[in-house]
>>> print(open('work05.tsv').read())   # TSV, C-alpha atoms
chain	number	residue	atom	x	y	z
A	1	MET	CA	-17.75	-5.64	4.54
A	2	ALA	CA	-18.00	-3.49	7.66
A	3	TRP	CA	-16.12	-4.32	10.83
A	4	THR	CA	-18.09	-5.35	13.96
A	5	ALA	CA	-16.62	-5.15	17.46
A	6	PRO	CA	-15.68	-8.78	18.22
A	7	ARG	CA	-18.05	-10.56	20.57
A	8	THR	CA	-17.14	-11.58	24.11
A	9	TRP	CA	-18.45	-15.13	24.42
A	10	VAL	CA	-19.87	-16.32	27.75
A	11	ALA	CA	-20.10	-19.79	29.27
A	12	GLY	CA	-23.30	-21.68	28.52
A	13	GLU	CA	-24.53	-19.46	25.71
A	14	THR	CA	-25.96	-20.90	22.52
A	15	VAL	CA	-23.59	-20.28	19.65
A	16	THR	CA	-25.67	-19.56	16.58
A	17	ALA	CA	-24.73	-19.51	12.93
A	18	ALA	CA	-25.61	-15.81	12.84
A	19	LEU	CA	-23.17	-15.02	15.65
A	20	LEU	CA	-20.39	-17.00	14.00
A	21	ASN	CA	-21.04	-15.31	10.68
A	22	THR	CA	-21.04	-11.83	12.18
A	23	HIS	CA	-18.12	-12.12	14.54
A	24	ILE	CA	-15.84	-14.52	12.69
A	25	ARG	CA	-16.69	-14.70	8.98
A	26	ASP	CA	-17.65	-11.05	8.48
A	27	ASN	CA	-14.72	-9.65	10.43
A	28	LEU	CA	-12.29	-11.89	8.58
A	29	ASN	CA	-13.85	-10.68	5.33
A	30	ALA	CA	-13.57	-7.09	6.53
A	31	ILE	CA	-9.84	-7.64	6.90
A	32	GLY	CA	-9.17	-9.88	3.94
A	33	GLY	CA	-11.95	-9.26	1.46
A	34	ALA	CA	-12.04	-6.85	-1.46
A	35	TRP	CA	-11.35	-3.27	-0.47
A	36	THR	CA	-14.23	-0.81	-0.27
A	37	THR	CA	-14.60	2.13	-2.63
A	38	TYR	CA	-15.40	5.60	-1.34
A	39	THR	CA	-15.81	9.05	-2.79
A	40	PRO	CA	-13.36	11.49	-1.24
A	41	THR	CA	-13.84	15.24	-1.22
A	42	VAL	CA	-10.96	16.99	-2.94
A	43	ASN	CA	-10.03	20.65	-2.86
A	44	GLY	CA	-7.67	22.66	-4.99
A	45	TYR	CA	-7.54	20.31	-7.96
A	46	PRO	CA	-10.12	19.27	-10.55
A	47	ILE	CA	-10.24	15.56	-11.25
A	48	SER	CA	-11.51	13.36	-14.01
A	49	SER	CA	-13.78	10.36	-13.81
A	50	THR	CA	-10.79	8.02	-13.60
A	51	THR	CA	-10.34	8.75	-9.89
A	52	ARG	CA	-10.08	5.69	-7.71
A	53	ALA	CA	-10.25	5.52	-3.92
A	54	ARG	CA	-10.32	2.19	-2.06
A	55	TYR	CA	-9.77	1.31	1.57
A	56	ALA	CA	-9.35	-1.74	3.78
A	57	GLU	CA	-10.82	-1.66	7.29
A	58	CYS	CA	-9.56	-3.84	10.11
A	59	GLY	CA	-11.23	-2.28	13.12
A	60	LYS	CA	-9.27	0.89	13.84
A	61	TRP	CA	-6.60	0.04	11.27
A	62	ILE	CA	-7.37	1.73	7.94
A	63	THR	CA	-5.42	1.48	4.69
A	64	VAL	CA	-6.23	3.66	1.69
A	65	GLN	CA	-5.10	3.50	-1.93
A	66	TYR	CA	-5.98	6.60	-3.96
A	67	ARG	CA	-5.31	7.74	-7.51
A	68	ALA	CA	-6.68	10.64	-9.54
A	69	VAL	CA	-6.03	12.14	-12.95
A	70	LEU	CA	-6.30	15.92	-13.05
A	71	SER	CA	-8.69	17.51	-15.52
A	72	GLY	CA	-7.28	21.03	-15.27
A	73	ALA	CA	-4.94	23.36	-13.44
A	74	VAL	CA	-4.55	23.39	-9.66
A	75	ALA	CA	-5.83	26.35	-7.67
A	76	GLY	CA	-4.51	26.65	-4.13
A	77	SER	CA	-3.42	23.88	-1.77
A	78	MET	CA	-4.33	20.33	-2.75
A	79	THR	CA	-6.27	18.31	-0.18
A	80	CYS	CA	-8.28	15.09	-0.11
A	81	THR	CA	-10.43	13.44	2.55
A	82	LEU	CA	-9.85	10.02	4.11
A	83	PRO	CA	-12.73	7.55	4.60
A	84	PHE	CA	-12.54	7.93	8.40
A	85	ALA	CA	-11.03	10.50	10.72
A	86	PRO	CA	-7.69	9.51	12.26
A	87	ALA	CA	-7.57	9.10	16.04
A	88	ALA	CA	-7.50	12.37	17.91
A	89	SER	CA	-3.95	11.81	19.12
A	90	TYR	CA	-2.62	12.43	15.61
A	91	VAL	CA	-1.23	15.82	14.71
A	92	GLY	CA	-2.29	17.80	11.67
A	93	GLY	CA	-0.57	20.57	9.77
A	94	ASN	CA	3.07	21.22	9.08
A	95	GLY	CA	5.23	18.94	11.16
A	96	GLY	CA	2.29	16.56	11.59
A	97	ASP	CA	2.25	12.77	11.62
A	98	VAL	CA	3.07	11.09	8.34
A	99	HIS	CA	0.27	8.70	7.28
A	100	GLY	CA	2.02	7.41	4.15
A	101	GLU	CA	3.50	8.40	0.81
A	102	CYS	CA	2.23	10.26	-2.24
A	103	LEU	CA	3.44	10.40	-5.82
A	104	GLY	CA	2.81	13.13	-8.38
A	105	TYR	CA	3.40	12.55	-12.08
A	106	ASP	CA	3.94	15.31	-14.64
A	107	THR	CA	2.80	13.87	-17.95
A	108	SER	CA	4.40	16.65	-19.98
A	109	THR	CA	7.92	15.80	-18.81
A	110	GLY	CA	7.57	12.26	-17.46
A	111	THR	CA	8.80	13.49	-14.10
A	112	TYR	CA	7.83	11.96	-10.76
A	113	HIS	CA	7.67	13.71	-7.39
A	114	PHE	CA	7.57	11.67	-4.19
A	115	GLY	CA	6.15	13.10	-0.99
A	116	ALA	CA	4.55	12.53	2.39
A	117	VAL	CA	0.86	12.51	3.31
A	118	ILE	CA	-0.18	14.28	6.52
A	119	SER	CA	-3.45	15.59	7.93
A	120	THR	CA	-4.14	19.27	7.56
A	121	SER	CA	-4.14	21.63	10.52
A	122	ALA	CA	-7.84	22.27	9.99
A	123	SER	CA	-9.05	18.66	9.90
A	124	LEU	CA	-7.46	15.31	10.64
A	125	THR	CA	-9.82	13.71	8.09
A	126	THR	CA	-8.38	15.88	5.32
A	127	VAL	CA	-4.86	15.21	4.11
A	128	GLN	CA	-2.31	17.40	2.36
A	129	PHE	CA	0.84	16.47	0.50
A	130	GLN	CA	4.39	17.51	1.39
A	131	SER	CA	7.43	17.49	-0.89
A	132	ASN	CA	10.23	15.21	0.25
A	133	THR	CA	12.51	18.24	0.57
A	134	GLY	CA	11.65	21.77	1.57
A	135	ALA	CA	8.71	23.51	3.18
A	136	ASN	CA	6.51	22.76	0.22
A	137	THR	CA	2.86	21.77	0.54
A	138	TRP	CA	1.60	20.67	-2.85
A	139	ALA	CA	-0.36	23.41	-4.59
A	140	ASN	CA	-0.81	25.09	-7.96
A	141	SER	CA	2.91	25.41	-8.73
A	142	ILE	CA	4.30	22.95	-6.19
A	143	PRO	CA	6.15	20.74	-6.85
A	144	TRP	CA	5.48	21.83	-10.46
A	145	ALA	CA	2.75	23.61	-12.43
A	146	TRP	CA	0.09	20.90	-12.43
A	147	ALA	CA	-2.02	20.54	-15.58
A	148	SER	CA	-4.71	18.35	-17.07
A	149	GLY	CA	-3.58	14.74	-17.40
A	150	ASP	CA	-1.16	14.84	-14.48
A	151	VAL	CA	-1.58	12.13	-11.87
A	152	ILE	CA	-1.58	12.09	-8.07
A	153	SER	CA	-1.66	8.89	-6.03
A	154	PHE	CA	-1.21	8.09	-2.37
A	155	ASN	CA	-1.09	5.09	-0.07
A	156	VAL	CA	-1.68	5.57	3.65
A	157	ALA	CA	-2.27	3.41	6.72
A	158	TYR	CA	-3.48	4.92	9.98
A	159	GLU	CA	-5.48	4.49	13.18
A	160	ARG	CA	-9.03	5.75	12.87
A	161	SER	CA	-10.95	7.49	15.63
B	162	MET	CA	0.63	-17.54	-5.76
B	163	PRO	CA	4.14	-17.99	-4.40
B	164	THR	CA	5.34	-21.13	-2.71
B	165	PRO	CA	5.74	-20.03	0.89
B	166	ILE	CA	8.81	-21.27	2.68
B	167	GLY	CA	7.64	-22.65	6.00
B	168	ASP	CA	4.49	-23.84	7.76
B	169	ALA	CA	1.48	-24.50	5.52
B	170	THR	CA	-1.11	-24.39	8.33
B	171	ASP	CA	-1.21	-20.61	8.34
B	172	ASN	CA	-2.28	-19.98	4.76
B	173	TRP	CA	-5.32	-17.76	4.33
B	174	VAL	CA	-8.56	-19.54	3.38
B	175	ALA	CA	-11.88	-17.90	2.48
B	176	PRO	CA	-13.85	-17.45	5.73
B	177	ARG	CA	-16.57	-20.03	6.25
B	178	THR	CA	-20.30	-19.20	6.15
B	179	TRP	CA	-21.97	-21.02	9.04
B	180	THR	CA	-25.48	-22.45	8.66
B	181	THR	CA	-28.19	-23.05	11.23
B	182	SER	CA	-28.13	-26.47	12.94
B	183	GLU	CA	-24.92	-27.59	11.28
B	184	PHE	CA	-22.47	-29.81	13.12
B	185	VAL	CA	-19.47	-27.68	14.01
B	186	ALA	CA	-16.29	-29.66	13.48
B	187	ALA	CA	-12.88	-28.84	14.84
B	188	GLY	CA	-11.68	-28.42	11.29
B	189	ASP	CA	-14.17	-25.62	10.75
B	190	PHE	CA	-12.79	-23.64	13.66
B	191	ASN	CA	-9.27	-24.46	12.61
B	192	GLU	CA	-9.91	-22.72	9.29
B	193	ALA	CA	-10.57	-19.58	11.28
B	194	ARG	CA	-7.45	-20.33	13.31
B	195	ASP	CA	-5.42	-20.56	10.12
B	196	ASP	CA	-6.68	-17.16	8.98
B	197	PHE	CA	-5.74	-15.58	12.30
B	198	ASN	CA	-2.37	-17.28	12.06
B	199	ALA	CA	-1.95	-16.01	8.50
B	200	MET	CA	-2.21	-12.51	9.90
B	201	GLY	CA	-0.55	-12.92	13.24
B	202	LEU	CA	2.35	-15.32	12.85
B	203	LYS	CA	5.74	-14.48	11.43
B	204	TRP	CA	5.72	-13.22	7.86
B	205	LYS	CA	6.19	-15.80	5.10
B	206	LYS	CA	9.42	-16.11	3.22
B	207	PHE	CA	9.25	-16.43	-0.55
B	208	THR	CA	11.71	-16.44	-3.41
B	209	PRO	CA	11.06	-13.39	-5.61
B	210	SER	CA	11.55	-13.31	-9.36
B	211	LEU	CA	14.01	-10.51	-10.17
B	212	ALA	CA	14.12	-8.67	-13.51
B	213	GLY	CA	17.03	-6.53	-14.65
B	214	PHE	CA	19.25	-7.22	-11.68
B	215	SER	CA	20.80	-9.92	-9.56
B	216	ALA	CA	21.38	-9.71	-5.84
B	217	ILE	CA	21.86	-11.60	-2.66
B	218	ILE	CA	18.45	-11.85	-1.03
B	219	SER	CA	18.84	-11.12	2.64
B	220	ARG	CA	15.09	-10.87	3.28
B	221	SER	CA	11.98	-11.46	1.17
B	222	VAL	CA	8.80	-11.84	3.20
B	223	TYR	CA	5.13	-11.00	3.04
B	224	ALA	CA	2.18	-10.81	5.40
B	225	GLN	CA	-1.23	-11.79	4.06
B	226	ALA	CA	-4.69	-11.01	5.37
B	227	GLY	CA	-6.81	-12.25	2.50
B	228	ARG	CA	-6.37	-9.67	-0.26
B	229	TYR	CA	-4.30	-7.35	1.92
B	230	ILE	CA	-0.62	-7.95	1.19
B	231	ILE	CA	2.42	-6.29	2.79
B	232	VAL	CA	5.87	-7.06	1.39
B	233	SER	CA	9.27	-6.38	2.91
B	234	MET	CA	12.55	-7.06	1.11
B	235	HIS	CA	16.25	-6.40	1.48
B	236	PHE	CA	18.96	-7.16	-1.06
B	237	ASN	CA	22.74	-6.97	-0.88
B	238	SER	CA	25.28	-6.86	-3.71
B	239	VAL	CA	22.72	-5.41	-6.10
B	240	THR	CA	23.94	-5.71	-9.70
B	241	PRO	CA	21.56	-4.23	-12.28
B	242	THR	CA	21.71	-5.14	-15.96
B	243	GLY	CA	18.72	-3.07	-17.04
B	244	PHE	CA	15.56	-1.65	-15.56
B	245	MET	CA	15.02	-3.20	-12.17
B	246	GLY	CA	11.78	-4.98	-11.35
B	247	ILE	CA	10.46	-7.63	-8.98
B	248	ALA	CA	7.43	-9.90	-9.20
B	249	CYS	CA	4.89	-9.46	-6.42
B	250	PRO	CA	3.93	-12.51	-4.37
B	251	PHE	CA	0.34	-12.14	-5.65
B	252	THR	CA	-1.13	-10.35	-8.66
B	253	SER	CA	-2.87	-7.14	-7.67
B	254	HIS	CA	-6.53	-6.26	-8.06
B	255	SER	CA	-7.10	-5.31	-11.70
B	256	ALA	CA	-8.25	-1.82	-10.73
B	257	TYR	CA	-4.69	-0.74	-10.13
B	258	VAL	CA	-2.66	0.87	-12.84
B	259	GLY	CA	0.80	-0.04	-14.00
B	260	GLY	CA	3.32	2.30	-15.51
B	261	ALA	CA	3.72	6.05	-15.77
B	262	GLY	CA	1.83	7.91	-13.11
B	263	GLY	CA	0.61	4.64	-11.60
B	264	ASP	CA	-0.40	4.00	-8.03
B	265	VAL	CA	2.25	4.51	-5.38
B	266	LEU	CA	2.42	1.34	-3.28
B	267	GLY	CA	5.32	2.08	-0.96
B	268	LYS	CA	8.94	3.09	-0.84
B	269	ALA	CA	12.37	1.81	-1.78
B	270	LEU	CA	15.69	2.82	-0.31
B	271	ALA	CA	18.96	2.38	-2.19
B	272	TYR	CA	22.27	2.62	-0.40
B	273	ASP	CA	25.51	3.54	-2.15
B	274	SER	CA	28.20	1.97	0.01
B	275	SER	CA	31.00	3.90	-1.73
B	276	THR	CA	29.64	7.30	-0.69
B	277	GLY	CA	27.34	6.41	2.20
B	278	ALA	CA	24.49	8.10	0.34
B	279	PHE	CA	20.86	6.93	0.53
B	280	SER	CA	18.36	7.41	-2.30
B	281	LEU	CA	14.63	7.23	-1.64
B	282	GLY	CA	12.25	6.06	-4.33
B	283	ALA	CA	8.63	5.17	-4.94
B	284	VAL	CA	7.35	1.65	-5.60
B	285	ILE	CA	4.78	1.39	-8.41
B	286	PHE	CA	3.50	-1.36	-10.68
B	287	ASN	CA	5.37	-1.84	-13.94
B	288	THR	CA	3.85	-0.66	-17.20
B	289	GLY	CA	0.92	-2.82	-18.19
B	290	SER	CA	1.42	-5.08	-15.22
B	291	HIS	CA	-0.50	-5.73	-12.05
B	292	GLY	CA	2.06	-8.14	-10.72
B	293	ASP	CA	5.51	-6.57	-11.08
B	294	ILE	CA	6.93	-3.54	-9.32
B	295	VAL	CA	9.51	-1.00	-10.44
B	296	PHE	CA	11.13	1.94	-8.67
B	297	GLN	CA	10.98	5.66	-9.45
B	298	SER	CA	13.40	8.23	-8.12
B	299	ALA	CA	11.83	10.57	-5.60
B	300	THR	CA	12.30	13.46	-7.99
B	301	GLY	CA	12.92	13.17	-11.72
B	302	VAL	CA	12.23	10.82	-14.58
B	303	ALA	CA	14.52	7.97	-13.61
B	304	THR	CA	13.19	4.46	-13.33
B	305	TRP	CA	15.89	2.65	-11.38
B	306	ASN	CA	18.42	0.80	-13.48
B	307	ALA	CA	22.18	0.27	-13.66
B	308	ALA	CA	22.80	4.03	-13.58
B	309	ALA	CA	19.90	5.20	-11.43
B	310	PRO	CA	19.56	6.38	-8.75
B	311	PHE	CA	23.35	5.98	-8.91
B	312	THR	CA	25.83	3.68	-10.61
B	313	TRP	CA	25.44	0.50	-8.59
B	314	ALA	CA	28.53	-1.40	-7.46
B	315	THR	CA	29.48	-4.27	-5.22
B	316	GLY	CA	28.34	-3.67	-1.67
B	317	ASP	CA	25.32	-1.54	-2.53
B	318	SER	CA	21.98	-2.56	-1.07
B	319	LEU	CA	18.29	-2.11	-1.70
B	320	SER	CA	15.38	-2.30	0.73
B	321	ILE	CA	11.69	-2.21	-0.17
B	322	LYS	CA	8.41	-1.97	1.73
B	323	TYR	CA	5.01	-1.84	0.04
B	324	ARG	CA	1.40	-2.88	0.48
B	325	TYR	CA	-1.44	-3.51	-1.93
B	326	GLU	CA	-4.78	-5.20	-2.60
B	327	ALA	CA	-4.41	-8.58	-4.29
B	328	ALA	CA	-6.78	-9.93	-6.92
>>> encode(input="work05.tsv", output="structure tokens")
Amino acid sequence: MAWTAPRTWVAGETVTAALLNTHIRDNLNAIGGAWTTYTPTVNGYPISSTTRARYAECGKWITVQYRAVLSGAVAGSMTCTLPFAPAASYVGGNGGDVHGECLGYDTSTGTYHFGAVISTSASLTTVQFQSNTGANTWANSIPWAWASGDVISFNVAYERS
Amino acid sequence: MPTPIGDATDNWVAPRTWTTSEFVAAGDFNEARDDFNAMGLKWKKFTPSLAGFSAIISRSVYAQAGRYIIVSMHFNSVTPTGFMGIACPFTSHSAYVGGAGGDVLGKALAYDSSTGAFSLGAVIFNTGSHGDIVFQSATGVATWNAAAPFTWATGDSLSIKYRYEAA
């Protein structure tokens, strides 16, 4: 359910069912209803059909839950798009604003790697993943040599443009 | 659904669909009020079900906007007896995956009072579950237990913050 800018009511106006449904029911459902699926654009890593991307929209407040299973090796830096661009005040690239946390899982060893999600320097809508220690942006061998079956997930909340 | 500790007039209810020419009662608008209160009033206390550890619960609260749930917890005197897990206030949407490589929902912070060291971990659903969380060390294979991320002792604490889509 899409968010609609809440109505400013005026004295003497006729309050219709349609207005109440749009500005009260639908906006409450936008906040509290089932999350919306979207298809992100990913770069640097091939993914299988088990990818999931869902977001909640409360006006400018966006929350995303994402998970993908890799179908092959990683080539270059790993990036993924958000459903909406963050507000322009946010900073992309190394040292940028943290939107949330990411988790990589190496199926061959059972090892987890926790990290931070930030926008890239090229686009606020596109996020990259940073290791929790070191100057490491997740890529083909960072934080390990990714392979088919490995899992990446992230959870972010941010202000959209 | 947990039994919230506190006021029952701010529980989320499914938003009403209004129909043309209906009589609008105060109670109808108050349903909308309750939903706004569910989001905007103080977070609800609840008593969590702990697995694999005992602790003094210093805070266990959640905010609810329909299916959108945010949970914040803090425990003192954490004493694990096995793998540590906690029941969520609401079961998650079935789309989410429990266990190895599952969805990251948030973060946990363990504090070793004997050394002053903090250990950061990830919150994920437990294997095969959409209603229980466990904790993974930030790097490595360890699911938190009596010996991970360190050997817990009296005075150690655990704080947790996560968010998810409920069923």
>>> residues_around(input="work05.tsv", residues="Asn29 of chain A", least_positions_apart="2", cutoff="12 Å", atoms="all atoms listed in the file", output="PyMOL selection string")
(chain A and resi 1-4+21-27+31-36+56-59) or (chain B and resi 173-178+193+196-197+226-229)
>>> closest_residue(input="work05.tsv", among="A:Asn132, A:Thr125, A:Thr39, A:Thr120", to="chain B", atoms="only C-alpha atoms")
A:Asn132
>>> closest_residue(input="work05.tsv", among="B:Trp179, B:Tyr272, B:Tyr223, B:Tyr323", to="Ser238 of chain B", atoms="all atoms listed in the file")
B:Tyr272
>>> closest_residue(input="work05.tsv", among="A:Trp61, A:Phe154, A:Tyr90, A:Tyr55", to="chain B", atoms="all atoms listed in the file")
A:Phe154
>>> closest_atom_pairs(input="work05.tsv", of="chain B", to="chain A", cutoff="9 Å", atoms="all atoms listed in the file", output="JSON lines")
{"residue": "B:Trp173", "atom": "CA", "partner": "A:Gly32", "partner_atom": "CA", "distance": 8.8}
{"residue": "B:Ala175", "atom": "CA", "partner": "A:Asn29", "partner_atom": "CA", "distance": 8.0}
{"residue": "B:Pro176", "atom": "CA", "partner": "A:Arg25", "partner_atom": "CA", "distance": 5.1}
{"residue": "B:Arg177", "atom": "CA", "partner": "A:Arg25", "partner_atom": "CA", "distance": 6.0}
{"residue": "B:Thr178", "atom": "CA", "partner": "A:Asn21", "partner_atom": "CA", "distance": 6.0}
{"residue": "B:Trp179", "atom": "CA", "partner": "A:Ala17", "partner_atom": "CA", "distance": 5.0}
{"residue": "B:Thr180", "atom": "CA", "partner": "A:Ala17", "partner_atom": "CA", "distance": 5.2}
{"residue": "B:Thr181", "atom": "CA", "partner": "A:Ala17", "partner_atom": "CA", "distance": 5.2}
{"residue": "B:Ser182", "atom": "CA", "partner": "A:Ala17", "partner_atom": "CA", "distance": 7.7}
{"residue": "B:Glu183", "atom": "CA", "partner": "A:Ala17", "partner_atom": "CA", "distance": 8.2}
{"residue": "B:Ala193", "atom": "CA", "partner": "A:Ile24", "partner_atom": "CA", "distance": 7.4}
{"residue": "B:Asp196", "atom": "CA", "partner": "A:Leu28", "partner_atom": "CA", "distance": 7.7}
{"residue": "B:Phe197", "atom": "CA", "partner": "A:Leu28", "partner_atom": "CA", "distance": 8.4}
{"residue": "B:Gln225", "atom": "CA", "partner": "A:Gly32", "partner_atom": "CA", "distance": 8.2}
{"residue": "B:Ala226", "atom": "CA", "partner": "A:Gly32", "partner_atom": "CA", "distance": 4.8}
{"residue": "B:Gly227", "atom": "CA", "partner": "A:Gly32", "partner_atom": "CA", "distance": 3.6}
{"residue": "B:Arg228", "atom": "CA", "partner": "A:Gly32", "partner_atom": "CA", "distance": 5.1}
{"residue": "B:Tyr229", "atom": "CA", "partner": "A:Gly32", "partner_atom": "CA", "distance": 5.8}
{"residue": "B:His254", "atom": "CA", "partner": "A:Ala34", "partner_atom": "CA", "distance": 8.6}
{"residue": "B:Ala256", "atom": "CA", "partner": "A:Arg52", "partner_atom": "CA", "distance": 8.3}
{"residue": "B:Tyr257", "atom": "CA", "partner": "A:Arg52", "partner_atom": "CA", "distance": 8.7}
{"residue": "B:Ala261", "atom": "CA", "partner": "A:Tyr105", "partner_atom": "CA", "distance": 7.5}
{"residue": "B:Gly262", "atom": "CA", "partner": "A:Tyr105", "partner_atom": "CA", "distance": 5.0}
{"residue": "B:Gly263", "atom": "CA", "partner": "A:Ser153", "partner_atom": "CA", "distance": 7.4}
{"residue": "B:Asp264", "atom": "CA", "partner": "A:Ser153", "partner_atom": "CA", "distance": 5.4}
{"residue": "B:Val265", "atom": "CA", "partner": "A:Phe154", "partner_atom": "CA", "distance": 5.8}
{"residue": "B:Leu266", "atom": "CA", "partner": "A:Asn155", "partner_atom": "CA", "distance": 6.1}
{"residue": "B:Gly267", "atom": "CA", "partner": "A:Glu101", "partner_atom": "CA", "distance": 6.8}
{"residue": "B:Lys268", "atom": "CA", "partner": "A:Glu101", "partner_atom": "CA", "distance": 7.8}
{"residue": "B:Leu281", "atom": "CA", "partner": "A:Phe114", "partner_atom": "CA", "distance": 8.7}
{"residue": "B:Gly282", "atom": "CA", "partner": "A:Phe114", "partner_atom": "CA", "distance": 7.3}
{"residue": "B:Ala283", "atom": "CA", "partner": "A:Phe114", "partner_atom": "CA", "distance": 6.6}
{"residue": "B:Gln297", "atom": "CA", "partner": "A:Tyr112", "partner_atom": "CA", "distance": 7.2}
{"residue": "B:Ser298", "atom": "CA", "partner": "A:Tyr112", "partner_atom": "CA", "distance": 7.2}
{"residue": "B:Ala299", "atom": "CA", "partner": "A:Phe114", "partner_atom": "CA", "distance": 4.6}
{"residue": "B:Thr300", "atom": "CA", "partner": "A:His113", "partner_atom": "CA", "distance": 4.7}
{"residue": "B:Gly301", "atom": "CA", "partner": "A:Thr111", "partner_atom": "CA", "distance": 4.8}
{"residue": "B:Val302", "atom": "CA", "partner": "A:Thr111", "partner_atom": "CA", "distance": 4.4}
{"residue": "B:Ala303", "atom": "CA", "partner": "A:Thr111", "partner_atom": "CA", "distance": 8.0}
{"residue": "B:Arg324", "atom": "CA", "partner": "A:Asn155", "partner_atom": "CA", "distance": 8.4}
{"residue": "B:Tyr325", "atom": "CA", "partner": "A:Gln65", "partner_atom": "CA", "distance": 7.9}
{"residue": "B:Glu326", "atom": "CA", "partner": "A:Trp35", "partner_atom": "CA", "distance": 7.2}
{"residue": "B:Ala327", "atom": "CA", "partner": "A:Ala34", "partner_atom": "CA", "distance": 8.3}
{"residue": "B:Ala328", "atom": "CA", "partner": "A:Ala34", "partner_atom": "CA", "distance": 8.2}
